[in-house]
Every structure is written in structure tokens, then in C-alpha cells.
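Below is the file protein-v5.pdb, which contains PDB, C-alpha atoms and all ligand atoms.
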```
MODEL        1
ATOM      1  CA  MET A  15      15.350  21.041 -42.156  1.00  0.00           C
ATOM      2  CA  THR A  16      13.306  17.997 -43.141  1.00  0.00           C
ATOM      3  CA  ASN A  17      14.182  14.316 -43.057  1.00  0.00           C
ATOM      4  CA  GLY A  18      11.596  12.351 -44.994  1.00  0.00           C
ATOM      5  CA  SER A  19       8.401  13.284 -43.248  1.00  0.00           C
ATOM      6  CA  ILE A  20      10.205  14.642 -40.156  1.00  0.00           C
ATOM      7  CA  ALA A  21      10.391  18.411 -39.937  1.00  0.00           C
ATOM      8  CA  VAL A  22      13.079  19.504 -37.506  1.00  0.00           C
ATOM      9  CA  VAL A  23      13.052  23.012 -36.084  1.00  0.00           C
ATOM     10  CA  SER A  24      16.273  23.904 -34.344  1.00  0.00           C
ATOM     11  CA  ALA A  25      16.118  26.537 -31.637  1.00  0.00           C
ATOM     12  CA  ALA A  26      18.744  28.408 -29.699  1.00  0.00           C
ATOM     13  CA  PRO A  27      18.282  27.269 -26.084  1.00  0.00           C
ATOM     14  CA  GLU A  28      16.922  30.649 -24.956  1.00  0.00           C
ATOM     15  CA  GLN A  29      14.433  30.639 -27.843  1.00  0.00           C
ATOM     16  CA  PHE A  30      13.200  27.104 -27.281  1.00  0.00           C
ATOM     17  CA  GLY A  31       9.874  27.973 -25.616  1.00  0.00           C
ATOM     18  CA  THR A  32       9.038  30.754 -28.054  1.00  0.00           C
ATOM     19  CA  ILE A  33       9.798  28.597 -31.068  1.00  0.00           C
ATOM     20  CA  ALA A  34       7.907  25.637 -29.637  1.00  0.00           C
ATOM     21  CA  LEU A  35       4.911  27.918 -29.156  1.00  0.00           C
ATOM     22  CA  ALA A  36       5.121  29.353 -32.683  1.00  0.00           C
ATOM     23  CA  THR A  37       5.331  25.819 -34.076  1.00  0.00           C
ATOM     24  CA  LEU A  38       2.411  24.568 -32.002  1.00  0.00           C
ATOM     25  CA  ARG A  39       0.378  27.564 -33.064  1.00  0.00           C
ATOM     26  CA  ASP A  40       1.034  26.770 -36.721  1.00  0.00           C
ATOM     27  CA  LEU A  41       0.071  23.143 -36.237  1.00  0.00           C
ATOM     28  CA  LEU A  42      -3.128  24.038 -34.370  1.00  0.00           C
ATOM     29  CA  GLY A  43      -4.050  26.494 -37.108  1.00  0.00           C
ATOM     30  CA  GLY A  44      -5.044  23.571 -39.304  1.00  0.00           C
ATOM     31  CA  PHE A  45      -7.867  22.472 -37.009  1.00  0.00           C
ATOM     32  CA  ASP A  46     -11.192  23.775 -35.738  1.00  0.00           C
ATOM     33  CA  GLU A  47     -11.697  23.030 -32.055  1.00  0.00           C
ATOM     34  CA  PRO A  48      -8.469  21.041 -31.921  1.00  0.00           C
ATOM     35  CA  VAL A  49      -8.045  18.045 -29.664  1.00  0.00           C
ATOM     36  CA  VAL A  50      -4.604  18.378 -28.141  1.00  0.00           C
ATOM     37  CA  GLY A  51      -2.466  16.004 -26.078  1.00  0.00           C
ATOM     38  CA  LEU A  52      -0.040  17.768 -23.747  1.00  0.00           C
ATOM     39  CA  PRO A  53       3.061  16.581 -21.896  1.00  0.00           C
ATOM     40  CA  THR A  54       4.556  17.382 -18.532  1.00  0.00           C
ATOM     41  CA  GLY A  55       8.205  17.216 -17.474  1.00  0.00           C
ATOM     42  CA  ARG A  56      10.971  19.802 -17.508  1.00  0.00           C
ATOM     43  CA  THR A  57      11.069  20.192 -21.288  1.00  0.00           C
ATOM     44  CA  PRO A  58       7.614  21.695 -21.968  1.00  0.00           C
ATOM     45  CA  VAL A  59       7.915  24.217 -19.122  1.00  0.00           C
ATOM     46  CA  ALA A  60       9.564  26.666 -21.541  1.00  0.00           C
ATOM     47  CA  LEU A  61       6.595  26.258 -23.915  1.00  0.00           C
ATOM     48  CA  TYR A  62       4.050  26.880 -21.164  1.00  0.00           C
ATOM     49  CA  GLU A  63       6.048  29.835 -19.857  1.00  0.00           C
ATOM     50  CA  ALA A  64       6.096  31.295 -23.366  1.00  0.00           C
ATOM     51  CA  MET A  65       2.309  30.860 -23.457  1.00  0.00           C
ATOM     52  CA  ALA A  66       1.997  32.733 -20.164  1.00  0.00           C
ATOM     53  CA  ARG A  67       4.358  35.515 -21.292  1.00  0.00           C
ATOM     54  CA  ARG A  68       2.451  36.023 -24.510  1.00  0.00           C
ATOM     55  CA  GLN A  69      -0.949  35.506 -22.930  1.00  0.00           C
ATOM     56  CA  TYR A  70      -1.531  32.777 -25.447  1.00  0.00           C
ATOM     57  CA  THR A  71      -4.935  31.156 -25.409  1.00  0.00           C
ATOM     58  CA  PHE A  72      -5.772  27.943 -27.209  1.00  0.00           C
ATOM     59  CA  PRO A  73      -8.184  28.257 -30.152  1.00  0.00           C
ATOM     60  CA  PRO A  74     -11.861  28.454 -29.157  1.00  0.00           C
ATOM     61  CA  GLY A  75     -13.305  25.045 -28.487  1.00  0.00           C
ATOM     62  CA  ALA A  76      -9.904  23.378 -28.025  1.00  0.00           C
ATOM     63  CA  ARG A  77     -10.006  20.196 -25.948  1.00  0.00           C
ATOM     64  CA  LEU A  78      -6.859  19.624 -23.935  1.00  0.00           C
ATOM     65  CA  PHE A  79      -5.784  16.276 -22.508  1.00  0.00           C
ATOM     66  CA  ALA A  80      -2.726  15.282 -20.531  1.00  0.00           C
ATOM     67  CA  ILE A  81      -0.951  12.348 -22.101  1.00  0.00           C
ATOM     68  CA  ASP A  82      -0.168  10.662 -18.810  1.00  0.00           C
ATOM     69  CA  GLU A  83      -0.476  10.788 -15.036  1.00  0.00           C
ATOM     70  CA  TYR A  84       1.080   9.053 -12.074  1.00  0.00           C
ATOM     71  CA  CYS A  85      -0.942   6.634  -9.985  1.00  0.00           C
ATOM     72  CA  SER A  86      -0.810   8.369  -6.657  1.00  0.00           C
ATOM     73  CA  PRO A  87      -3.537   7.526  -4.165  1.00  0.00           C
ATOM     74  CA  THR A  88      -2.332   9.933  -1.487  1.00  0.00           C
ATOM     75  CA  ARG A  89      -0.018  12.614  -2.849  1.00  0.00           C
ATOM     76  CA  ARG A  90      -1.123  15.386  -5.199  1.00  0.00           C
ATOM     77  CA  GLU A  91       2.051  17.441  -5.140  1.00  0.00           C
ATOM     78  CA  GLY A  92       4.250  16.267  -8.008  1.00  0.00           C
ATOM     79  CA  THR A  93       1.363  14.806 -10.005  1.00  0.00           C
ATOM     80  CA  ASN A  94       0.702  15.961 -13.530  1.00  0.00           C
ATOM     81  CA  ALA A  95      -2.558  17.493 -12.307  1.00  0.00           C
ATOM     82  CA  ALA A  96      -0.514  19.721  -9.995  1.00  0.00           C
ATOM     83  CA  PHE A  97       1.879  20.480 -12.869  1.00  0.00           C
ATOM     84  CA  PHE A  98      -0.904  21.718 -15.142  1.00  0.00           C
ATOM     85  CA  ASP A  99      -2.504  23.728 -12.319  1.00  0.00           C
ATOM     86  CA  ARG A 100       0.796  25.494 -12.038  1.00  0.00           C
ATOM     87  CA  PHE A 101       1.821  25.913 -15.663  1.00  0.00           C
ATOM     88  CA  LEU A 102      -1.452  25.899 -17.601  1.00  0.00           C
ATOM     89  CA  PRO A 103      -4.140  27.194 -15.272  1.00  0.00           C
ATOM     90  CA  ARG A 104      -7.547  27.285 -16.887  1.00  0.00           C
ATOM     91  CA  ALA A 105      -7.793  31.037 -16.332  1.00  0.00           C
ATOM     92  CA  SER A 106      -4.789  31.661 -18.543  1.00  0.00           C
ATOM     93  CA  CYS A 107      -5.353  29.209 -21.375  1.00  0.00           C
ATOM     94  CA  HIS A 108      -9.167  29.343 -21.407  1.00  0.00           C
ATOM     95  CA  ALA A 109      -9.443  25.583 -21.417  1.00  0.00           C
ATOM     96  CA  ALA A 110      -8.942  23.008 -18.704  1.00  0.00           C
ATOM     97  CA  VAL A 111      -6.483  20.190 -19.176  1.00  0.00           C
ATOM     98  CA  ALA A 112      -8.281  16.886 -18.591  1.00  0.00           C
ATOM     99  CA  LEU A 113      -6.368  14.146 -16.802  1.00  0.00           C
ATOM    100  CA  PRO A 114      -7.081  10.743 -15.381  1.00  0.00           C
ATOM    101  CA  ARG A 115      -7.414  11.028 -11.603  1.00  0.00           C
ATOM    102  CA  ALA A 116      -4.116  10.119  -9.968  1.00  0.00           C
ATOM    103  CA  ASP A 117      -5.952   8.926  -6.863  1.00  0.00           C
ATOM    104  CA  ALA A 118      -8.556   6.801  -8.647  1.00  0.00           C
ATOM    105  CA  ALA A 119      -9.383   3.678  -6.653  1.00  0.00           C
ATOM    106  CA  ASP A 120      -9.322   1.655  -9.862  1.00  0.00           C
ATOM    107  CA  PRO A 121      -6.643   3.148 -12.164  1.00  0.00           C
ATOM    108  CA  HIS A 122      -7.410   0.610 -14.906  1.00  0.00           C
ATOM    109  CA  ALA A 123     -11.016   1.765 -15.086  1.00  0.00           C
ATOM    110  CA  GLU A 124      -9.866   5.378 -14.772  1.00  0.00           C
ATOM    111  CA  VAL A 125      -7.488   5.234 -17.733  1.00  0.00           C
ATOM    112  CA  ARG A 126     -10.184   3.479 -19.782  1.00  0.00           C
ATOM    113  CA  ARG A 127     -12.637   6.249 -18.942  1.00  0.00           C
ATOM    114  CA  PHE A 128     -10.046   8.912 -19.746  1.00  0.00           C
ATOM    115  CA  CYS A 129      -9.159   7.404 -23.101  1.00  0.00           C
ATOM    116  CA  ALA A 130     -12.814   6.923 -23.992  1.00  0.00           C
ATOM    117  CA  ALA A 131     -13.179  10.678 -23.507  1.00  0.00           C
ATOM    118  CA  ILE A 132     -10.317  11.279 -25.964  1.00  0.00           C
ATOM    119  CA  ALA A 133     -11.834   8.821 -28.445  1.00  0.00           C
ATOM    120  CA  ASP A 134     -15.271  10.454 -28.071  1.00  0.00           C
ATOM    121  CA  VAL A 135     -13.880  13.697 -29.486  1.00  0.00           C
ATOM    122  CA  GLY A 136     -12.146  11.888 -32.332  1.00  0.00           C
ATOM    123  CA  GLY A 137      -8.660  11.342 -30.899  1.00  0.00           C
ATOM    124  CA  PHE A 138      -5.782  13.794 -30.955  1.00  0.00           C
ATOM    125  CA  ASP A 139      -5.431  16.289 -33.746  1.00  0.00           C
ATOM    126  CA  VAL A 140      -2.098  17.369 -32.324  1.00  0.00           C
ATOM    127  CA  ALA A 141      -0.162  15.274 -29.807  1.00  0.00           C
ATOM    128  CA  VAL A 142       2.638  17.196 -28.127  1.00  0.00           C
ATOM    129  CA  VAL A 143       5.133  14.842 -26.535  1.00  0.00           C
ATOM    130  CA  GLY A 144       8.489  14.888 -24.809  1.00  0.00           C
ATOM    131  CA  ILE A 145      11.067  12.134 -24.741  1.00  0.00           C
ATOM    132  CA  GLY A 146      12.214  10.355 -21.613  1.00  0.00           C
ATOM    133  CA  ASP A 147      15.865   9.618 -20.953  1.00  0.00           C
ATOM    134  CA  ASN A 148      15.174   5.997 -21.910  1.00  0.00           C
ATOM    135  CA  GLY A 149      13.195   6.905 -25.038  1.00  0.00           C
ATOM    136  CA  HIS A 150       9.749   6.724 -23.487  1.00  0.00           C
ATOM    137  CA  VAL A 151       6.914   8.782 -24.896  1.00  0.00           C
ATOM    138  CA  ALA A 152       4.173   9.722 -22.418  1.00  0.00           C
ATOM    139  CA  PHE A 153       4.607   6.709 -20.110  1.00  0.00           C
ATOM    140  CA  ASN A 154       5.141   4.244 -22.955  1.00  0.00           C
ATOM    141  CA  GLU A 155       8.242   2.717 -21.496  1.00  0.00           C
ATOM    142  CA  PRO A 156      10.746   0.588 -23.460  1.00  0.00           C
ATOM    143  CA  GLY A 157       9.004  -2.616 -24.511  1.00  0.00           C
ATOM    144  CA  SER A 158       5.785  -0.780 -25.403  1.00  0.00           C
ATOM    145  CA  ALA A 159       4.396  -1.859 -28.755  1.00  0.00           C
ATOM    146  CA  ILE A 160       3.573   0.603 -31.506  1.00  0.00           C
ATOM    147  CA  ASP A 161      -0.089  -0.385 -31.210  1.00  0.00           C
ATOM    148  CA  SER A 162      -0.160  -0.328 -27.416  1.00  0.00           C
ATOM    149  CA  GLY A 163      -3.277   1.317 -26.049  1.00  0.00           C
ATOM    150  CA  CYS A 164      -4.164   3.377 -23.008  1.00  0.00           C
ATOM    151  CA  ARG A 165      -3.218   1.535 -19.886  1.00  0.00           C
ATOM    152  CA  VAL A 166      -1.715   1.420 -16.456  1.00  0.00           C
ATOM    153  CA  ILE A 167       2.007   0.803 -16.755  1.00  0.00           C
ATOM    154  CA  GLU A 168       4.814  -0.021 -14.392  1.00  0.00           C
ATOM    155  CA  LEU A 169       7.350   2.792 -14.421  1.00  0.00           C
ATOM    156  CA  THR A 170      11.020   2.056 -14.982  1.00  0.00           C
ATOM    157  CA  ALA A 171      13.684   3.045 -12.489  1.00  0.00           C
ATOM    158  CA  SER A 172      14.859   5.833 -14.799  1.00  0.00           C
ATOM    159  CA  THR A 173      11.369   7.311 -15.039  1.00  0.00           C
ATOM    160  CA  ARG A 174      10.812   6.991 -11.287  1.00  0.00           C
ATOM    161  CA  ALA A 175      14.118   8.787 -10.735  1.00  0.00           C
ATOM    162  CA  GLN A 176      12.697  11.818 -12.565  1.00  0.00           C
ATOM    163  CA  VAL A 177      10.078  12.678  -9.962  1.00  0.00           C
ATOM    164  CA  ASP A 178      10.934  15.349  -7.474  1.00  0.00           C
ATOM    165  CA  ALA A 179      13.401  14.370  -4.794  1.00  0.00           C
ATOM    166  CA  THR A 180      10.888  14.703  -1.973  1.00  0.00           C
ATOM    167  CA  TRP A 181       8.591  12.075  -3.467  1.00  0.00           C
ATOM    168  CA  THR A 182       9.878   8.988  -1.694  1.00  0.00           C
ATOM    169  CA  PRO A 183       9.294   6.320  -2.608  1.00  0.00           C
ATOM    170  CA  PRO A 184       8.431   7.497  -6.127  1.00  0.00           C
ATOM    171  CA  PRO A 185       5.234   6.161  -7.677  1.00  0.00           C
ATOM    172  CA  GLU A 186       5.546   2.705  -9.161  1.00  0.00           C
ATOM    173  CA  THR A 187       2.865   2.992 -11.807  1.00  0.00           C
ATOM    174  CA  GLY A 188       1.351   5.508 -14.148  1.00  0.00           C
ATOM    175  CA  MET A 189      -1.590   5.832 -16.504  1.00  0.00           C
ATOM    176  CA  THR A 190      -0.755   6.650 -20.089  1.00  0.00           C
ATOM    177  CA  VAL A 191      -2.215   7.076 -23.516  1.00  0.00           C
ATOM    178  CA  GLY A 192      -0.742   4.357 -25.693  1.00  0.00           C
ATOM    179  CA  MET A 193       1.585   4.606 -28.654  1.00  0.00           C
ATOM    180  CA  ALA A 194      -1.532   3.827 -30.697  1.00  0.00           C
ATOM    181  CA  GLN A 195      -3.247   7.056 -29.604  1.00  0.00           C
ATOM    182  CA  ILE A 196      -0.099   9.081 -30.299  1.00  0.00           C
ATOM    183  CA  MET A 197       0.528   7.460 -33.688  1.00  0.00           C
ATOM    184  CA  ALA A 198      -3.123   8.117 -34.616  1.00  0.00           C
ATOM    185  CA  ALA A 199      -2.763  11.866 -34.031  1.00  0.00           C
ATOM    186  CA  ASP A 200      -2.891  13.928 -37.210  1.00  0.00           C
ATOM    187  CA  GLN A 201       0.202  15.811 -36.114  1.00  0.00           C
ATOM    188  CA  VAL A 202       2.857  14.947 -33.558  1.00  0.00           C
ATOM    189  CA  LEU A 203       5.071  17.629 -32.066  1.00  0.00           C
ATOM    190  CA  LEU A 204       8.106  16.230 -30.262  1.00  0.00           C
ATOM    191  CA  LEU A 205       9.952  18.571 -27.915  1.00  0.00           C
ATOM    192  CA  ALA A 206      13.482  17.978 -26.685  1.00  0.00           C
ATOM    193  CA  SER A 207      15.967  20.251 -24.984  1.00  0.00           C
ATOM    194  CA  GLY A 208      19.270  20.055 -23.223  1.00  0.00           C
ATOM    195  CA  PRO A 209      22.439  18.029 -23.748  1.00  0.00           C
ATOM    196  CA  ALA A 210      21.131  15.046 -21.771  1.00  0.00           C
ATOM    197  CA  LYS A 211      18.660  14.366 -24.574  1.00  0.00           C
ATOM    198  CA  SER A 212      21.125  14.399 -27.472  1.00  0.00           C
ATOM    199  CA  GLU A 213      21.914  10.683 -27.488  1.00  0.00           C
ATOM    200  CA  ILE A 214      18.354   9.454 -27.043  1.00  0.00           C
ATOM    201  CA  LEU A 215      17.002  11.992 -29.539  1.00  0.00           C
ATOM    202  CA  SER A 216      19.498  10.752 -32.088  1.00  0.00           C
ATOM    203  CA  ALA A 217      18.470   7.139 -31.407  1.00  0.00           C
ATOM    204  CA  ALA A 218      14.819   8.103 -31.725  1.00  0.00           C
ATOM    205  CA  LEU A 219      15.157  10.012 -34.986  1.00  0.00           C
ATOM    206  CA  THR A 220      17.891   8.144 -36.807  1.00  0.00           C
ATOM    207  CA  GLY A 221      18.286   4.784 -35.087  1.00  0.00           C
ATOM    208  CA  PRO A 222      16.378   1.591 -35.786  1.00  0.00           C
ATOM    209  CA  VAL A 223      12.646   1.650 -35.186  1.00  0.00           C
ATOM    210  CA  THR A 224      12.379  -0.536 -32.114  1.00  0.00           C
ATOM    211  CA  ASP A 225      10.298  -0.980 -29.006  1.00  0.00           C
ATOM    212  CA  HIS A 226      13.518  -0.553 -27.016  1.00  0.00           C
ATOM    213  CA  VAL A 227      13.157   3.137 -27.872  1.00  0.00           C
ATOM    214  CA  PRO A 228       9.427   3.828 -28.155  1.00  0.00           C
ATOM    215  CA  ALA A 229      10.129   7.346 -29.474  1.00  0.00           C
ATOM    216  CA  SER A 230      11.672   5.714 -32.560  1.00  0.00           C
ATOM    217  CA  PHE A 231       8.148   4.706 -33.628  1.00  0.00           C
ATOM    218  CA  LEU A 232       7.582   8.383 -34.342  1.00  0.00           C
ATOM    219  CA  GLN A 233       9.832   7.991 -37.428  1.00  0.00           C
ATOM    220  CA  LEU A 234       6.863   6.145 -38.926  1.00  0.00           C
ATOM    221  CA  HIS A 235       4.427   8.967 -38.239  1.00  0.00           C
ATOM    222  CA  PRO A 236       3.428  10.792 -41.421  1.00  0.00           C
ATOM    223  CA  HIS A 237       3.488  14.237 -39.806  1.00  0.00           C
ATOM    224  CA  LEU A 238       6.170  14.504 -37.158  1.00  0.00           C
ATOM    225  CA  THR A 239       7.579  17.893 -36.224  1.00  0.00           C
ATOM    226  CA  VAL A 240      10.519  18.065 -33.835  1.00  0.00           C
ATOM    227  CA  VAL A 241      11.367  21.253 -32.000  1.00  0.00           C
ATOM    228  CA  ALA A 242      14.684  20.819 -30.261  1.00  0.00           C
ATOM    229  CA  ASP A 243      17.350  23.107 -29.011  1.00  0.00           C
ATOM    230  CA  ALA A 244      20.830  22.984 -30.423  1.00  0.00           C
ATOM    231  CA  LEU A 245      22.047  21.030 -27.371  1.00  0.00           C
ATOM    232  CA  ALA A 246      19.559  18.217 -27.833  1.00  0.00           C
ATOM    233  CA  LEU A 247      20.234  18.225 -31.572  1.00  0.00           C
ATOM    234  CA  SER A 248      23.998  18.060 -31.139  1.00  0.00           C
ATOM    235  CA  GLY A 249      24.049  14.286 -31.525  1.00  0.00           C
ATOM    236  CA  VAL A 250      21.582  14.129 -34.400  1.00  0.00           C
ATOM    237  CA  SER A 251      22.810  13.911 -37.972  1.00  0.00           C
ATOM    238  CA  LEU A 252      19.868  13.839 -40.335  1.00  0.00           C
TER     239      LEU A 252
HETATM  240  C1  LIG B 301       7.874  12.140 -17.936  1.00  0.00           C
HETATM  241  C2  LIG B 301       6.580  12.369 -18.693  1.00  0.00           C
HETATM  242  C3  LIG B 301       6.789  12.356 -20.166  1.00  0.00           C
HETATM  243  C4  LIG B 301       7.925  13.303 -20.500  1.00  0.00           C
HETATM  244  C5  LIG B 301       9.184  12.790 -19.886  1.00  0.00           C
HETATM  245  C6  LIG B 301      10.401  13.647 -20.167  1.00  0.00           C
HETATM  246  O1  LIG B 301       8.124  10.792 -17.813  1.00  0.00           O
HETATM  247  N1  LIG B 301       5.608  11.395 -18.337  1.00  0.00           N
HETATM  248  O2  LIG B 301       5.583  12.739 -20.819  1.00  0.00           O
HETATM  249  O3  LIG B 301       8.057  13.414 -21.884  1.00  0.00           O
HETATM  250  O4  LIG B 301       8.998  12.745 -18.510  1.00  0.00           O
HETATM  251  O5  LIG B 301      10.575  14.558 -19.149  1.00  0.00           O
HETATM  252  P1  LIG B 301      11.602  15.734 -19.158  1.00  0.00           P
HETATM  253  O6  LIG B 301      11.096  16.717 -20.124  1.00  0.00           O
HETATM  254  O7  LIG B 301      11.558  16.242 -17.753  1.00  0.00           O
HETATM  255  O8  LIG B 301      12.921  15.170 -19.524  1.00  0.00           O
ENDMDL
END
```

Please express what this file holds, its structure, as C-alpha cells.
Ligand code: GLP
Amino acid sequence: MTNGSIAVVSAAPEQFGTIALATLRDLLGGFDEPVVGLPTGRTPVALYEAMARRQYTFPPGARLFAIDEYCSPTRREGTNAAFFDRFLPRASCHAAVALPRADAADPHAEVRRFCAAIADVGGFDVAVVGIGDNGHVAFNEPGSAIDSGCRVIELTASTRAQVDATWTPPPETGMTVGMAQIMAADQVLLLASGPAKSEILSAALTGPVTDHVPASFLQLHPHLTVVADALALSGVSL
């Protein structure tokens, strides 16, 4: 199914990870030594588990970058670094996922350094993103501009509520690539699963393009592919 430049791949819930992987593989096939942005959260776990099951390895020379990280001076458990150690260990995907250091003394300098590293390799070829309950992409919370850059950002209550229950109080800030870095990717792959995402996915794909729902900016991307399960797509009429 395509809507303008949006290609939507609908997956049965139990096929979500496998189909996300097949789609990512196709997108990566267009690039030598692809530069890839990767998300965390519950949604991409099925993709990373499919990679592990199939012993998938990224193409030779792939450069992998997280798209965001919490600012967490003391706690590593629950950070995106810990997430990738668990779900995408270097040994299995043959490439390490680079992240800004959660415990950096100066997160502003750290996110600048991190984003300079992405820019040095030409920016993302493929940015894989999820969608937050409030329409955030990476940590580009509502109010983020389409040309917002890499930065430290204050997390909203809804985003803070997503961290694991033992992380109290949840982190107040995060480091994120901006909407600008995501919009500049050659290809964007948006993943969404579960009924809780149906309303926000519909707003993102068919609602007005607005900074209230940063994911709606993706409607303006020339090469957006959405892989969503039937539950997340249940509210979307394209
Ligand atoms: C976090 C991440 C985002 C992710 C979002 C959705 O805030 N920083 O990159 O897309 O959560 O998470 P989930 O897939 O768990 O709903």
C-alpha cells in the first residue's frame, strides 16, 4: 500500500519483527557501507530478535548509531547503551552501535560530538525510528521544529513514564538527534506496533503536519516506509 511517497507495510503481529527485518534489509541493499540510525523502546525489540534468530549481520562497513540516549550520570541499567548491549551485541551484528555517553559530564558537548560523528560519515542513509505515545521521534518531543538539530532535551512526563518502573525518579533529560538529521536521511523506516499506537500513528500519517506531533513531519519525507502491525494500523485510513 502506498500513500503519496509513504509506503506502508502491514504485518500480522507475530510477523512484525520478521517483516521489519526484511524491509530494513531491502532498504539497506541500496547503500554501500550504510550509515544507520537505530531506535530503542519496546517496538524494535521484535526487529532485533528477528535479527538474532536469523543471525542477521549488517552489511560490511555499516556504521550504526543510536538515535537518542538518556542523560544518566549514575545509572547504566535502563539506558539505551544497556539496551543495545542486550539486543544488538557487537558479536552478533558485527558492528557496534555508537551512542552518546549517558554519563557525560557535559551532555551538550557530548551530543555535539556524537552528531559530528554522524555528520562526518555523511549523515544517515537509513534512519529507523519508532513513535512515542505523544508522537515523538527519537527524543524530539512535541514542540520540536522540523529543522531542530541534535541537542539535549527535557523529556515530557509521558516519555519519562516509559522508562522501567525501577528507575525512580526517571531521567529528566535526554540527548537526541534532531528532526533535521532524521529528515535528511535518504530513507526513513518508521516502526509501530500494538493497539496503543493506533491513534498517534493515524495522527502522524494522516493528520496535519504539526510540531505538536513531530512524527507528522515524516509525511514530508520523500522516502518514508512504515512497517506496522495490524493493531497499530487499525486507526489509519490512507
Ligand atoms: C523512546 C525512544 C524512542 C522510541 C519511543 C517509543 O522514547 N527514545 O526512540 O521510538 O520510546 O517507544 P516504544 O517503542 O517503547 O513505544

Practice prompt. Could you expand the PyMOL selection byres (((chain A and resi 54) around 10) and not hetatm) into the explicit residues it covers here, written as a PyMOL selection string?
Written response: chain A and resi 52-53+55-59+62+80-83+93-95+97-98+101+142-144+152

Write out, as an mmCIF file, in the coordinates of the input, the residues just selected, with C-alpha atoms.
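Written file, again-v6.cif:
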```cif
data_model
loop_
_atom_site.group_PDB
_atom_site.id
_atom_site.type_symbol
_atom_site.label_atom_id
_atom_site.label_comp_id
_atom_site.auth_asym_id
_atom_site.auth_seq_id
_atom_site.Cartn_x
_atom_site.Cartn_y
_atom_site.Cartn_z
ATOM 1 C CA LEU A 52 -0.040 17.768 -23.747
ATOM 2 C CA PRO A 53 3.061 16.581 -21.896
ATOM 3 C CA GLY A 55 8.205 17.216 -17.474
ATOM 4 C CA ARG A 56 10.971 19.802 -17.508
ATOM 5 C CA THR A 57 11.069 20.192 -21.288
ATOM 6 C CA PRO A 58 7.614 21.695 -21.968
ATOM 7 C CA VAL A 59 7.915 24.217 -19.122
ATOM 8 C CA TYR A 62 4.050 26.880 -21.164
ATOM 9 C CA ALA A 80 -2.726 15.282 -20.531
ATOM 10 C CA ILE A 81 -0.951 12.348 -22.101
ATOM 11 C CA ASP A 82 -0.168 10.662 -18.810
ATOM 12 C CA GLU A 83 -0.476 10.788 -15.036
ATOM 13 C CA THR A 93 1.363 14.806 -10.005
ATOM 14 C CA ASN A 94 0.702 15.961 -13.530
ATOM 15 C CA ALA A 95 -2.558 17.493 -12.307
ATOM 16 C CA PHE A 97 1.879 20.480 -12.869
ATOM 17 C CA PHE A 98 -0.904 21.718 -15.142
ATOM 18 C CA PHE A 101 1.821 25.913 -15.663
ATOM 19 C CA VAL A 142 2.638 17.196 -28.127
ATOM 20 C CA VAL A 143 5.133 14.842 -26.535
ATOM 21 C CA GLY A 144 8.489 14.888 -24.809
ATOM 22 C CA ALA A 152 4.173 9.722 -22.418
#
```

Between A:Pro183, A:Tyr84, A:Arg115, A:Cys129, which has the minimum distance to ligand LIG 301 (chain B) (counting only C-alpha atoms and all ligand atoms)?
->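 Among the listed residues, A:Tyr84 lies closest to ligand LIG 301 (chain B).
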
Could you give me the axis-aligned bounding box of ligand LIG 301 (chain B), with 3 Å of padding per side, as centre plus edge lengths in Å to one decimal, as lines of an AutoDock Vina configuration file?
```
center_x = 9.3
center_y = 13.8
center_z = -19.8
size_x = 13.3
size_y = 11.9
size_z = 10.1
```

Could you state which residues are captured by the PyMOL selection byres (((chain A and resi 207-220) around 6) and not hetatm) in this file, as a ChimeraX atom specification?
/A:206,221,229-230,242-243,245-250

A:Ala21, A:Val125, A:Val177, A:Met65 ranked by distance to ligand LIG 301 (chain B), top pick (using all atoms listed in the file):
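Residue with the minimum atom-to-atom distance to ligand LIG 301 (chain B): A:Val177.
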
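The shortest atom-to-atom distance to ligand LIG 301 (chain B), with all atoms listed in the file taken into account, belongs to A:His150 out of A:His237, A:Arg100, A:His150, A:Arg165.
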
query = Which neighbours of A:Thr182 fall inside 12 Å, counting only C-alpha atoms, when residues of the same chain fewer than 6 positions from it are skipped, and could you give them as number ranges by chain?
reply = A: 86, 89, 92, 174-176

Practice item. Mind checking which residues fall within 10 Å of A:Met197, counting all atoms listed in the file, ignoring those fewer than 6 positions away in the same chain, and posting them as an NGL selection string? Key: :A and (138 or 141 or 160-161 or 231-232 or 234-238)

Suppose we keep C-alpha atoms; can you now write the selection as a compact mmCIF listing (two decimals), in the frame of the given file?
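As written to disk, again.txt reads:
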```txt
# COMPACT_ATOMS: atom_id res chain seq x y z
CA PHE A 138 -5.78 13.79 -30.96
CA ALA A 141 -0.16 15.27 -29.81
CA ILE A 160 3.57 0.60 -31.51
CA ASP A 161 -0.09 -0.38 -31.21
CA PHE A 231 8.15 4.71 -33.63
CA LEU A 232 7.58 8.38 -34.34
CA LEU A 234 6.86 6.14 -38.93
CA HIS A 235 4.43 8.97 -38.24
CA PRO A 236 3.43 10.79 -41.42
CA HIS A 237 3.49 14.24 -39.81
CA LEU A 238 6.17 14.50 -37.16
```

- Task: Using the chain letters and numbering of this document, enumerate as a PyMOL selection string the residues selected by the PyMOL selection byres (((chain A and resi 71) around 12) and not hetatm).
- Result: chain A and resi 35+38-39+42+62+64-70+72-76+78+102-110

Expressed in Å, the length from atom CA of A:Pro185 to atom CA of A:Ile167 is 11.0 Å

Taking (-7.1, 11.9, -32.0) in the coordinates of the supplied file, I want to know which residues reach to within 12 Å of it, counting all atoms listed in the file; could you give the answer as JSON, numbers by chain? {"A": [45, 48, 49, 50, 51, 77, 78, 79, 81, 129, 130, 131, 132, 133, 134, 135, 136, 137, 138, 139, 140, 141, 142, 191, 192, 193, 194, 195, 196, 197, 198, 199, 200, 201, 202]}

Taking 5 positions as the minimum chain separation for residues in the same chain, which residues sit within 8 Å of A:Ala34 when counting only C-alpha atoms? Answer as a ChimeraX atom specification. /A:61,205,241

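The gap separating atom CA of A:Gly43 from atom O5 of ligand LIG 301 (chain B) is 26.1 Å, in Å to one decimal.
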
_Between atom CA of A:Pro114 and atom CA of A:Arg127, what distance in Å does the model show, to one decimal?_
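Straight-line distance from atom CA of A:Pro114 to atom CA of A:Arg127 works out to 8.0 Å.
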
Problem set entry | Nearest to ligand LIG 301 (chain B), chosen from A:Ile145, A:Asp178, A:Gly188, A:Pro222, with only C-alpha atoms and all ligand atoms counted in the distances |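 Smallest distance to ligand LIG 301 (chain B) is found for A:Ile145.
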
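With distances taken over all atoms listed in the file, A:Pro228 is the one residue among A:Pro228, A:Pro121, A:Gly44, A:Pro184 lying closest to A:Asn154.
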
With distances taken over only C-alpha atoms, the candidate from A:Pro156, A:Pro87, A:Gly149, A:Gly163 nearest A:Glu186 is A:Pro87
